[in-house]
Each structure stands twice: as C-alpha cells, then as structure tokens.
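Q: Compact mmCIF, C-alpha atoms and all ligand atoms, file query-v8.txt:
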# COMPACT_ATOMS: atom_id res chain seq x y z
CA MET X 1 68.79 190.29 137.53
CA ILE X 2 66.74 190.39 134.30
CA SER X 3 64.61 193.54 134.00
CA THR X 4 60.91 193.30 133.14
CA ASN X 5 61.63 195.46 130.09
CA LYS X 6 64.01 192.88 128.72
CA ILE X 7 61.42 190.17 129.18
CA TYR X 8 58.81 192.22 127.30
CA THR X 9 61.23 192.92 124.44
CA THR X 10 62.03 189.20 124.19
CA ILE X 11 58.33 188.30 124.10
CA VAL X 12 57.58 190.89 121.40
CA ILE X 13 60.50 189.68 119.26
CA ALA X 14 59.42 186.06 119.72
CA VAL X 15 55.82 186.85 118.68
CA PHE X 16 57.02 188.70 115.56
CA THR X 17 59.36 185.86 114.62
CA VAL X 18 56.47 183.41 114.85
CA LEU X 19 54.18 185.68 112.80
CA LEU X 20 56.89 186.19 110.15
CA SER X 21 57.50 182.47 109.89
CA PHE X 22 53.76 182.01 109.28
CA GLN X 23 54.02 184.54 106.48
CA SER X 24 56.73 182.61 104.65
CA TYR X 25 55.01 179.32 105.49
CA SER X 26 52.10 180.36 103.27
CA GLN X 27 54.39 180.25 100.21
CA ASN X 28 56.76 177.34 100.65
CA TRP X 29 55.65 173.76 100.62
CA ASP X 30 58.15 171.21 101.87
CA ILE X 31 57.96 168.74 99.02
CA PRO X 32 60.29 165.71 98.97
CA ALA X 33 62.45 165.66 95.81
CA ASN X 34 61.10 162.31 94.60
CA LYS X 35 57.52 163.61 94.86
CA SER X 36 58.40 166.88 93.14
CA SER X 37 59.80 165.07 90.09
CA LYS X 38 56.76 162.78 89.72
CA ASN X 39 55.00 163.09 86.36
CA SER X 40 51.51 162.24 85.19
CA TYR X 41 50.80 159.09 83.21
CA ILE X 42 47.62 160.79 82.02
CA PRO X 43 48.21 162.98 78.98
CA PHE X 44 47.06 166.58 79.48
CA ASN X 45 44.84 167.35 76.48
CA ASN X 46 41.44 168.94 75.82
CA GLU X 47 39.63 165.81 76.84
CA THR X 48 41.37 165.27 80.20
CA ALA X 49 41.29 169.04 80.92
CA LYS X 50 37.53 168.99 80.36
CA ALA X 51 37.13 166.05 82.75
CA GLY X 52 39.36 167.95 85.19
CA GLU X 53 37.20 171.05 84.92
CA ALA X 54 34.17 169.14 86.18
CA ILE X 55 36.18 167.85 89.15
CA TYR X 56 37.53 171.37 89.79
CA THR X 57 34.06 172.97 89.72
CA LYS X 58 32.83 170.48 92.28
CA ASN X 59 35.81 170.33 94.64
CA CYS X 60 37.98 173.42 94.29
CA GLN X 61 36.05 176.36 92.86
CA SER X 62 34.36 177.34 96.13
CA CYS X 63 37.78 178.33 97.51
CA HIS X 64 40.03 178.97 94.49
CA GLY X 65 37.42 180.66 92.27
CA ASN X 66 37.62 180.56 88.46
CA PRO X 67 41.20 180.48 87.20
CA GLY X 68 42.20 183.87 85.75
CA LYS X 69 39.24 185.67 87.32
CA ALA X 70 40.95 186.50 90.65
CA ASN X 71 37.74 185.59 92.47
CA SER X 72 39.05 183.18 95.10
CA LEU X 73 37.58 183.20 98.59
CA LYS X 74 39.35 186.26 100.09
CA THR X 75 38.02 185.69 103.60
CA LEU X 76 40.25 182.62 104.07
CA LYS X 77 43.70 182.90 105.63
CA PRO X 78 45.89 182.25 103.69
CA VAL X 79 43.86 183.39 100.67
CA PRO X 80 43.61 180.44 98.23
CA PRO X 81 45.77 181.39 95.23
CA ASP X 82 44.34 181.80 91.72
CA LEU X 83 45.77 178.63 90.20
CA SER X 84 46.35 180.19 86.76
CA GLU X 85 48.94 182.55 88.29
CA LYS X 86 52.69 182.23 87.99
CA GLN X 87 53.14 181.17 91.63
CA THR X 88 51.26 177.93 90.92
CA GLN X 89 52.19 177.46 87.27
CA SER X 90 55.92 177.61 88.06
CA ARG X 91 55.55 174.54 90.26
CA THR X 92 56.21 171.06 88.82
CA ASP X 93 53.33 168.65 88.11
CA GLY X 94 54.69 166.53 90.97
CA ASP X 95 54.45 169.55 93.32
CA LEU X 96 50.83 170.17 92.37
CA PHE X 97 50.02 166.48 92.76
CA TYR X 98 51.66 166.46 96.19
CA ILE X 99 49.85 169.63 97.33
CA ILE X 100 46.45 168.32 96.18
CA THR X 101 47.15 164.91 97.71
CA THR X 102 48.35 165.99 101.15
CA GLY X 103 46.84 169.47 101.62
CA ARG X 104 47.82 171.72 104.51
CA VAL X 105 45.67 173.40 107.18
CA VAL X 106 42.94 175.18 105.13
CA MET X 107 43.80 173.48 101.84
CA PRO X 108 42.13 170.05 102.18
CA SER X 109 43.79 166.71 101.40
CA PHE X 110 42.20 164.99 98.41
CA LYS X 111 44.01 161.68 98.85
CA ILE X 112 40.80 159.84 99.68
CA VAL X 113 38.25 162.08 97.95
CA LEU X 114 39.83 161.94 94.47
CA SER X 115 41.50 158.97 92.81
CA GLU X 116 45.02 159.39 91.50
CA GLU X 117 43.60 159.65 87.98
CA GLU X 118 41.14 162.38 89.01
CA ARG X 119 43.90 164.37 90.69
CA TRP X 120 45.96 164.30 87.48
CA LYS X 121 42.92 165.41 85.48
CA VAL X 122 42.43 168.43 87.75
CA ILE X 123 46.07 169.30 87.08
CA ALA X 124 45.40 168.90 83.33
CA PHE X 125 42.68 171.53 83.79
CA ILE X 126 44.98 173.85 85.81
CA ARG X 127 47.70 173.52 83.14
CA SER X 128 45.24 174.47 80.37
CA TYR X 129 45.66 178.07 81.64
CA ASN X 130 49.37 178.03 80.86
CA LYS X 131 50.14 178.47 77.16
CA SER X 132 53.88 177.85 77.57
CA TYR X 133 53.47 174.59 79.51
CA VAL X 134 54.88 171.44 77.91
CA GLN X 135 54.05 168.13 79.56
CA VAL X 136 56.62 165.48 80.42
CA LEU X 137 54.66 162.25 80.41
CA SER X 138 55.46 159.55 82.92
CA LYS X 139 56.10 156.01 81.72
CA THR X 140 53.81 154.57 84.39
CA ASP X 141 51.17 152.17 83.17
CA PRO X 142 48.85 151.68 86.17
CA SER X 143 47.13 148.71 84.54
CA LYS X 144 50.43 146.86 84.97
CA SER X 145 50.34 147.15 88.75
CA LYS X 146 48.28 143.94 88.88
CA LEU X 147 51.27 142.01 87.56
CA VAL X 148 53.40 142.91 90.55
CA LYS X 149 53.96 140.38 93.30
CA ILE X 150 55.38 141.43 96.67
CA VAL X 151 57.13 138.82 98.77
CA LEU X 152 58.24 139.36 102.37
CA ASP X 153 61.05 137.43 103.95
CA PHE X 154 61.88 137.90 107.63
CA ASN X 155 65.37 137.16 108.85
CA ALA X 156 65.26 136.47 112.60
CA LYS X 157 69.06 136.66 112.93
CA ASN X 158 69.34 140.36 112.13
CA ASN X 159 65.65 141.27 112.52
CA LYS X 160 65.34 142.49 108.94
CA ILE X 161 62.40 142.18 106.59
CA ARG X 162 63.45 141.74 102.98
CA VAL X 163 60.82 142.98 100.55
CA TYR X 164 60.98 141.62 97.01
CA ALA X 165 59.04 143.30 94.21
CA LYS X 166 58.70 141.48 90.92
CA ALA X 167 56.32 141.54 87.99
CA ASN X 168 55.04 138.44 86.25
CA GLU X 169 55.16 139.63 82.65
CA ALA X 170 54.15 137.31 79.81
CA SER X 171 57.79 137.33 78.75
CA GLY X 172 58.98 136.24 82.21
CA VAL X 173 59.64 137.63 85.66
CA VAL X 174 60.86 141.25 85.80
CA LEU X 175 62.58 142.53 88.96
CA LEU X 176 61.48 145.99 90.01
CA LYS X 177 64.63 148.06 90.42
CA ASP X 178 64.74 151.54 91.97
CA ALA X 179 61.15 151.19 93.14
CA GLU X 180 60.27 153.20 96.22
CA ILE X 181 59.12 151.03 99.14
CA MET X 182 57.48 151.95 102.42
CA LEU X 183 56.76 149.44 105.16
CA PHE X 184 54.16 149.87 107.89
CA ALA X 185 52.84 147.93 110.85
CA ASN X 186 49.11 148.29 111.47
CA ARG X 187 48.44 149.60 114.97
CA TYR X 188 45.22 150.30 116.86
CA PHE X 189 45.23 153.89 115.70
CA GLY X 190 46.75 154.14 112.23
CA LYS X 191 49.95 152.81 110.74
CA LEU X 192 53.46 152.89 112.15
CA GLN X 193 56.19 153.32 109.55
CA ILE X 194 58.98 150.78 109.89
CA ASP X 195 62.46 152.07 109.09
CA LYS X 196 62.57 154.78 106.39
CA THR X 197 61.46 154.85 102.77
CA LEU X 198 63.86 152.64 100.80
CA THR X 199 64.42 151.87 97.13
CA THR X 200 64.88 148.39 95.72
CA ASN X 201 68.37 147.44 94.57
CA SER X 202 69.39 145.92 91.23
CA GLU X 203 68.08 142.55 92.42
CA GLY X 204 64.65 143.96 93.12
CA TYR X 205 64.63 143.96 96.94
CA ALA X 206 65.13 146.23 99.94
CA ASP X 207 65.98 145.31 103.55
CA PHE X 208 64.06 146.98 106.37
CA ASN X 209 65.21 147.03 109.98
CA PHE X 210 62.37 145.73 112.09
CA PRO X 211 62.16 146.77 115.77
CA LYS X 212 62.83 143.86 118.17
CA ASP X 213 60.23 144.91 120.71
CA LEU X 214 57.09 145.61 118.71
CA PRO X 215 54.05 144.05 120.38
CA GLY X 216 51.86 141.86 118.20
CA ASP X 217 48.59 140.13 119.02
CA LYS X 218 48.23 137.12 121.39
CA THR X 219 50.33 134.93 119.14
CA GLY X 220 52.71 137.70 118.10
CA ASN X 221 51.19 138.35 114.68
CA ILE X 222 51.63 141.79 113.16
CA ASP X 223 49.76 143.14 110.13
CA ILE X 224 52.37 144.42 107.72
CA VAL X 225 51.45 146.84 104.95
CA VAL X 226 53.83 147.43 102.06
CA ASN X 227 53.54 150.37 99.66
CA VAL X 228 55.52 150.10 96.44
CA ASN X 229 55.84 152.94 93.96
CA ASP X 230 57.47 152.08 90.67
CA GLU X 231 58.12 154.34 87.73
CA LEU X 232 56.63 151.83 85.28
CA TYR X 233 54.23 149.73 87.34
CA GLY X 234 52.78 152.55 89.43
CA GLU X 235 51.56 152.13 93.01
CA ILE X 236 51.03 148.72 94.59
CA GLU X 237 49.81 147.93 98.11
CA HIS X 238 50.34 144.59 99.77
CA GLN X 239 49.18 143.33 103.19
CA GLU X 240 50.40 140.33 105.07
CA LYS X 241 50.39 138.94 108.63
CA LEU X 242 53.84 138.06 109.93
CA ASN X 243 54.51 136.28 113.19
CA ILE X 244 57.36 138.55 114.26
CA GLY X 245 55.95 140.64 117.12
CA ILE X 246 56.10 140.14 120.87
CA PRO X 247 53.01 138.12 121.89
CA THR X 248 50.85 140.26 124.11
CA ASP X 249 48.08 138.73 126.13
CA LYS X 250 46.42 141.95 127.07
CA PRO X 251 42.68 141.46 126.62
CA ALA X 252 41.19 143.98 124.26
CA LEU X 253 39.28 146.90 125.77
CA ASN X 254 35.97 145.31 124.83
CA GLU X 255 36.81 141.88 126.20
CA GLN X 256 36.68 142.83 129.86
CA ARG X 257 33.67 143.68 131.95
CA ALA X 258 33.49 147.46 131.91
CA ILE X 259 30.99 150.31 132.09
CA TRP X 260 31.49 151.10 128.41
CA ASN X 261 30.85 147.53 127.28
CA THR X 262 27.77 145.74 125.99
CA LEU X 263 25.05 144.50 128.33
CA LEU X 264 26.56 141.02 128.50
CA LYS X 265 29.92 142.39 129.59
CA ALA X 266 28.75 145.02 132.03
CA PRO X 267 30.47 145.03 135.46
CA ILE X 268 28.88 142.63 138.00
CA TRP X 269 28.03 145.43 140.47
CA ILE X 270 26.01 147.25 137.79
CA ILE X 271 24.11 144.08 136.91
CA VAL X 272 23.41 143.34 140.63
CA THR X 273 22.31 146.91 141.44
CA TYR X 274 20.16 147.14 138.32
CA THR X 275 18.48 143.78 138.89
CA SER X 276 17.79 144.45 142.58
CA LEU X 277 16.27 147.82 141.76
CA ILE X 278 13.98 146.25 139.17
CA LEU X 279 13.03 143.52 141.67
CA LEU X 280 12.34 146.09 144.36
CA VAL X 281 10.11 148.17 142.08
CA THR X 282 8.24 145.03 140.99
CA LEU X 283 7.70 144.00 144.60
CA VAL X 284 6.37 147.45 145.53
CA LEU X 285 4.03 147.35 142.52
CA LEU X 286 2.80 143.88 143.48
CA TYR X 287 2.27 145.03 147.05
CA ILE X 288 0.22 148.05 145.84
CA LEU X 289 -1.85 145.84 143.51
CA ASN X 290 -2.47 143.39 146.29
CA THR X 291 -3.57 146.19 148.67
CA LEU X 292 -5.92 147.54 145.96
CA ARG X 293 -7.37 144.07 145.50
CA LYS X 294 -7.97 143.81 149.28
CA LEU X 295 -9.60 147.27 149.33
CA LYS X 296 -11.87 146.27 146.45
CA LYS X 297 -12.86 143.12 148.35
CA ILE X 298 -13.74 145.19 151.42
CA GLY X 299 -15.73 147.59 149.18
CA ASP X 300 -17.64 144.72 147.50
CA LYS X 301 -18.76 143.39 150.88
C1 LIG I 401 38.57 174.91 101.72
C2 LIG I 401 39.17 175.70 100.69
C3 LIG I 401 39.97 175.01 99.61
C4 LIG I 401 39.53 174.02 98.74
C5 LIG I 401 38.19 173.34 98.69
C6 LIG I 401 40.67 173.75 97.87
N1 LIG I 401 41.73 174.54 98.20
FE1 LIG I 401 43.54 174.54 97.30
N2 LIG I 401 44.23 175.89 98.64
C7 LIG I 401 43.46 176.48 99.63
C8 LIG I 401 44.29 177.36 100.39
C9 LIG I 401 43.86 178.21 101.59
C10 LIG I 401 45.59 177.29 99.84
C11 LIG I 401 46.85 178.00 100.32
C12 LIG I 401 47.44 177.05 101.34
C13 LIG I 401 48.77 177.44 101.88
O1 LIG I 401 49.55 178.10 101.19
O2 LIG I 401 49.03 177.02 103.01
C14 LIG I 401 45.50 176.36 98.74
C15 LIG I 401 46.58 176.02 97.92
C16 LIG I 401 46.48 175.26 96.81
C17 LIG I 401 47.54 175.03 95.86
C18 LIG I 401 48.94 175.61 95.96
C19 LIG I 401 48.92 176.95 95.26
C20 LIG I 401 50.26 177.60 95.24
O3 LIG I 401 50.83 177.69 94.16
O4 LIG I 401 50.72 178.02 96.31
C21 LIG I 401 47.05 174.22 94.88
C22 LIG I 401 47.79 173.72 93.67
C23 LIG I 401 45.67 173.95 95.21
N3 LIG I 401 45.35 174.58 96.39
C24 LIG I 401 44.84 173.18 94.44
C25 LIG I 401 43.53 172.83 94.81
C26 LIG I 401 42.70 171.94 94.05
C27 LIG I 401 43.09 171.30 92.74
C28 LIG I 401 41.54 171.81 94.75
C29 LIG I 401 40.36 170.92 94.42
C30 LIG I 401 40.64 169.56 94.10
C31 LIG I 401 41.64 172.66 95.92
N4 LIG I 401 42.87 173.25 95.92
C32 LIG I 401 40.63 172.82 96.85
C33 LIG I 401 42.12 176.25 99.89
C34 LIG I 401 41.34 175.32 99.25
Show this structure as structure tokens.

A:
Amino acid sequence: MISTNKIYTTIVIAVFTVLLSFQSYSQNWDIPANKSSKNSYIPFNNETAKAGEAIYTKNCQSCHGNPGKANSLKTLKPVPPDLSEKQTQSRTDGDLFYIITTGRVVMPSFKIVLSEEERWKVIAFIRSYNKSYVQVLSKTDPSKSKLVKIVLDFNAKNNKIRVYAKANEASGVVLLKDAEIMLFANRYFGKLQIDKTLTTNSEGYADFNFPKDLPGDKTGNIDIVVNVNDELYGEIEHQEKLNIGIPTDKPALNEQRAIWNTLLKAPIWIIVTYTSLILLVTLVLLYILNTLRKLKKIGDK
C-alpha cells in the first residue's frame, strides 16, 4: 500500500517542478528557426529609430519603462525586461519581431495593433541602445508583393491542393522558389491549418494534403486562405472558395426558429403565448373601460 507520506512527497515535488518550469519559461521563447533568422527590410537608422521611439512610448513604455533606466513595471510577473539589456540585445532581429508579433501571457501580441513596418521601427529604436549592433538588411521589397499571383489547383485523385506562387514582373513571369506557404480553411471560429507549413519547390509550387472529410457549406464550398512569405516579395495573402468540402445541409443557428433568434424567427409557442397574453390584457382593459362608461351613464342619469 502507498503511504500518505509518499503521496505528500510526490505532490510537493510535482508542485516544485511546475514552479521551476515556470521560472525557466520566463527566459526562453520557443521561436521557429525560420522566424528567428528573419531580417528587417527597413533600415535601422536615426530616422526609423525616432519613428520607433514614438511607437514605443505609446505602446511599450508603460510596462518596459525607458530603456537603460531600469524603470520597468516591477509589479508584473514576469517583470518586463529592460530592452536595452544584454538578454534582449543578444536576440536576433527575427526573435524580437516574433516576440512582439505573437506575445505571451502578460506580453501582448502586436500583430494587429502595429503594422509589420511599425514593428520593425520599434526594433530600430530598441537597437539604437546597442552600440555594437550591426544590421543585416533583408532583401524583401514589400511593394513587390502586389505582383504576386497565387493559383490553386485541386487534384481530386489524391486530394491534394497545389499552390503556385508567381510574380508578374515587367521582364516576365518569375516563379517564387523557397517561399514559405501556409494553407487554411476558414471555419466558424477561426482558421484551421491544412497540412503543415511548406516551401515552394524549384518550379514555384507546393502540394498540400487536403482532408477528405472536411465539411463545407450547402454546396460543399470551403473558403481557403493562403499565406505566402517570400524572401524578396514579402507576405502575400490570398483567399478563394473551392468546391472541395463535404456538402452539409445543416441550417445555420440563426436560420431555425429559436429563443435566441430575431422576432420573425422566434419559436411558435413564444409567439402564441405572447400574443394571447397581449389579447387578454387588451380584453380586460376594454372590459374595464366599458364598465366605467356604464357607471358614468348611471351617474349622468
Ligand atoms: C502589458 C505589459 C507589456 C507591454 C505593453 C509590452 N510588453 Fe513586452 N514584455 C512584457 C513582459 C511581462 C515580458 C516578459 C514576458 C515573458 O518572458 O514571458 C515582455 C517581454 C518582451 C520582450 C522579450 C524580452 C526578452 O529579451 O526576454 C520584448 C522584445 C518585448 N517585450 C518588447 C515589447 C515591445 C516592443 C512592446 C511595445 C510594442 C512591448 N513589449 C509591450 C510586458 C509588456
């Protein structure tokens, strides 16, 4: 038989292990290698650092304080690091971009709040506190992303979606090689990633395995979202409806009569009860009025 003592010891050890793992968690960010090596296409200079300072003052200072002044908000757990310190400065630009983009628990995600350009400018400001920092500029030219055309081709035989990425340059069509591609299906609540993140081959395409049993709308349509990330052309998003899902004839939640629906689609019993009550009240009122009228007549006589 297991003694109570043993159980207590096990619980105490388990609690400490969890606490310790939280401790190390506050230092290490799990950053995918391809995100970590990402560089900025915005040059870090006085001008961009100054623009970044304004963004920092508005969005970051309340927690992180002024870089170099060790005045971050100490009441938070974990304490937001002073971003001029070695811990932060030893990270790659891609790491910083990833951290600012995704956030974690107390550290907010700025993916929607700040544009990609603004996020790089904040990093330009953070880097201005590091005298030994030398920037590696990315070759990305985001203005070129408009030239990119994404084409989807579904193969019913093997249930694969082939995603082509090509750019219509003035000099001709350029195939995007080694571009990172993510495929999603729009669902009621958010996006479902299809297969894993793939990279285009030397012919500028990648093949995604599509699930055979994914429900679509009444006619089997599914909204597909493609995210392409190319070293030169930057980030491109493409949306398209494909008729490759299982047709589902389930009426939407707001199509049926239900308590939560609009007046016109309320359940019959509610409409009947409500109407009869109103009728009843009206009848009682009419009866009272009529009685009053009779009383008045008697009084007049
Ligand atoms: C609500 C408070 C809060 C705000 C606002 C905030 N941060 Fe943070 N930030 C934190 C906390 C807390 C951490 C530590 C998170 C952890 O380690 O889990 C952190 C961590 C970081 C790190 C990683 C530091 C390191 O080297 O470990 C960076 C970089 C960073 N923040 C940048 C920013 C930038 C840039 C902004 C503004 C655009 C910002 N933060 C806004 C709270 C905040």

Q: Which residues are near Ile42 in chain X? Cut-off 12 Å, all atoms listed in the file, ignore same chain within fewer than 3 positions. Put them as a list of chain:residue names.

A: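 Close residues of Ile42 in chain X: X:Asn39, X:Asn45, X:Asn46, X:Glu47, X:Thr48, X:Ala49, X:Ala51, X:Gly52, X:Asp93, X:Glu116, X:Glu117, X:Glu118, X:Arg119, X:Trp120, X:Lys121, X:Val122, X:Ile123, X:Ala124, X:Phe125, X:Gln135, X:Val136, X:Leu137, X:Ser138, X:Lys139, X:Thr140, X:Asp141, X:Pro142.
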
Q: For the atom pair CA of Asp300 in chain X and CA of Thr282 in chain X, what is the interatomic distance in Å to one decimal place?

A: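 For CA of Asp300 in chain X relative to CA of Thr282 in chain X, the distance reads 26.7 Å.
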
Q: For each of X:Trp260, X:Pro32, X:Thr9, X:Tyr56, take the minimum atom-to-atom distance to ligand LIG 401 (chain I), counting only C-alpha atoms and all ligand atoms, then give the residue where this is smallest.

A: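 Under the stated criterion, the closest residue is X:Tyr56.
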
Q: In Å, with one decimal, what is the gap from atom C24 of ligand LIG 401 (chain I) to CA of Phe97 in chain X?

A: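 These two atoms are separated by 8.6 Å.
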
Q: Could you pull out the residues sitting within 6 Å of ligand LIG 401 (chain I), using all atoms listed in the file, and write them as a PDB file with C-alpha atoms, keeping the file's coordinate frame?

A:
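Writing done, so here's pocket.pdb:
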ATOM      1  CA  SER X  26      52.100 180.360 103.270  1.00  0.00           C
ATOM      2  CA  GLN X  27      54.390 180.250 100.210  1.00  0.00           C
ATOM      3  CA  TYR X  56      37.530 171.370  89.790  1.00  0.00           C
ATOM      4  CA  ASN X  59      35.810 170.330  94.640  1.00  0.00           C
ATOM      5  CA  CYS X  60      37.980 173.420  94.290  1.00  0.00           C
ATOM      6  CA  CYS X  63      37.780 178.330  97.510  1.00  0.00           C
ATOM      7  CA  PRO X  78      45.890 182.250 103.690  1.00  0.00           C
ATOM      8  CA  VAL X  79      43.860 183.390 100.670  1.00  0.00           C
ATOM      9  CA  PRO X  80      43.610 180.440  98.230  1.00  0.00           C
ATOM     10  CA  PRO X  81      45.770 181.390  95.230  1.00  0.00           C
ATOM     11  CA  GLN X  87      53.140 181.170  91.630  1.00  0.00           C
ATOM     12  CA  THR X  88      51.260 177.930  90.920  1.00  0.00           C
ATOM     13  CA  LEU X  96      50.830 170.170  92.370  1.00  0.00           C
ATOM     14  CA  ILE X  99      49.850 169.630  97.330  1.00  0.00           C
ATOM     15  CA  ILE X 100      46.450 168.320  96.180  1.00  0.00           C
ATOM     16  CA  ARG X 104      47.820 171.720 104.510  1.00  0.00           C
ATOM     17  CA  VAL X 106      42.940 175.180 105.130  1.00  0.00           C
ATOM     18  CA  MET X 107      43.800 173.480 101.840  1.00  0.00           C
ATOM     19  CA  PRO X 108      42.130 170.050 102.180  1.00  0.00           C
ATOM     20  CA  VAL X 122      42.430 168.430  87.750  1.00  0.00           C
TER      21      VAL X 122
END

Q: Counting only C-alpha atoms, which residue out of X:Ala258, X:Ile224, X:Leu289, X:Ala185 sits closest to Leu152 in chain X?

A: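 Once distances to Leu152 in chain X are computed over only C-alpha atoms, the minimum belongs to X:Ile224.
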
Q: Report as a list in words all protein, DNA and RNA residues lying within 7 Å of Thr248 in chain X, evaluated on only C-alpha atoms, omitting residues in the same chain fewer than 5 positions from it.

A: Pro215, Gly216, Asp217, Lys218 and Gly220 of chain X

Q: Rank X:Asp207, X:Asp195, X:Asp95, X:Asp230 by their smallest atom-to-atom distance to Ala179 in chain X, using all atoms listed in the file, and report the top residue only.

A: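 Counting all atoms listed in the file, the residue closest to Ala179 in chain X is X:Asp230.
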
Q: Can you measure CA of Lys50 in chain X to CA of Ser84 in chain X for me? One decimal in Å is fine.

A: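 For CA of Lys50 in chain X relative to CA of Ser84 in chain X, the distance reads 15.6 Å.
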
Q: So that I can check the surroundings of Lys86 in chain X, please list as a ChimeraX atom specification every protein, DNA and RNA residue that reaches within 9 Å of it, counting only C-alpha atoms and ignoring chain neighbours fewer than 4 positions away.

A: /X:90-91,130

Q: My list of candidates is X:Met182, X:Leu214, X:Tyr188, X:Leu232. Which is closest to Ala167 in chain X when distances are computed with all atoms listed in the file?

A: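 The closest residue to Ala167 in chain X is X:Leu232.
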
Q: Which neighbours of Ala156 in chain X fall inside 12 Å, counting only C-alpha atoms, when residues of the same chain fewer than 6 positions from it are skipped, and could you give them as a list of chain:residue names?

A: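 In the requested format, the answer is X:Arg162, X:Asn209, X:Phe210, X:Pro211, X:Lys212, X:Leu242, X:Asn243, X:Ile244, X:Gly245.
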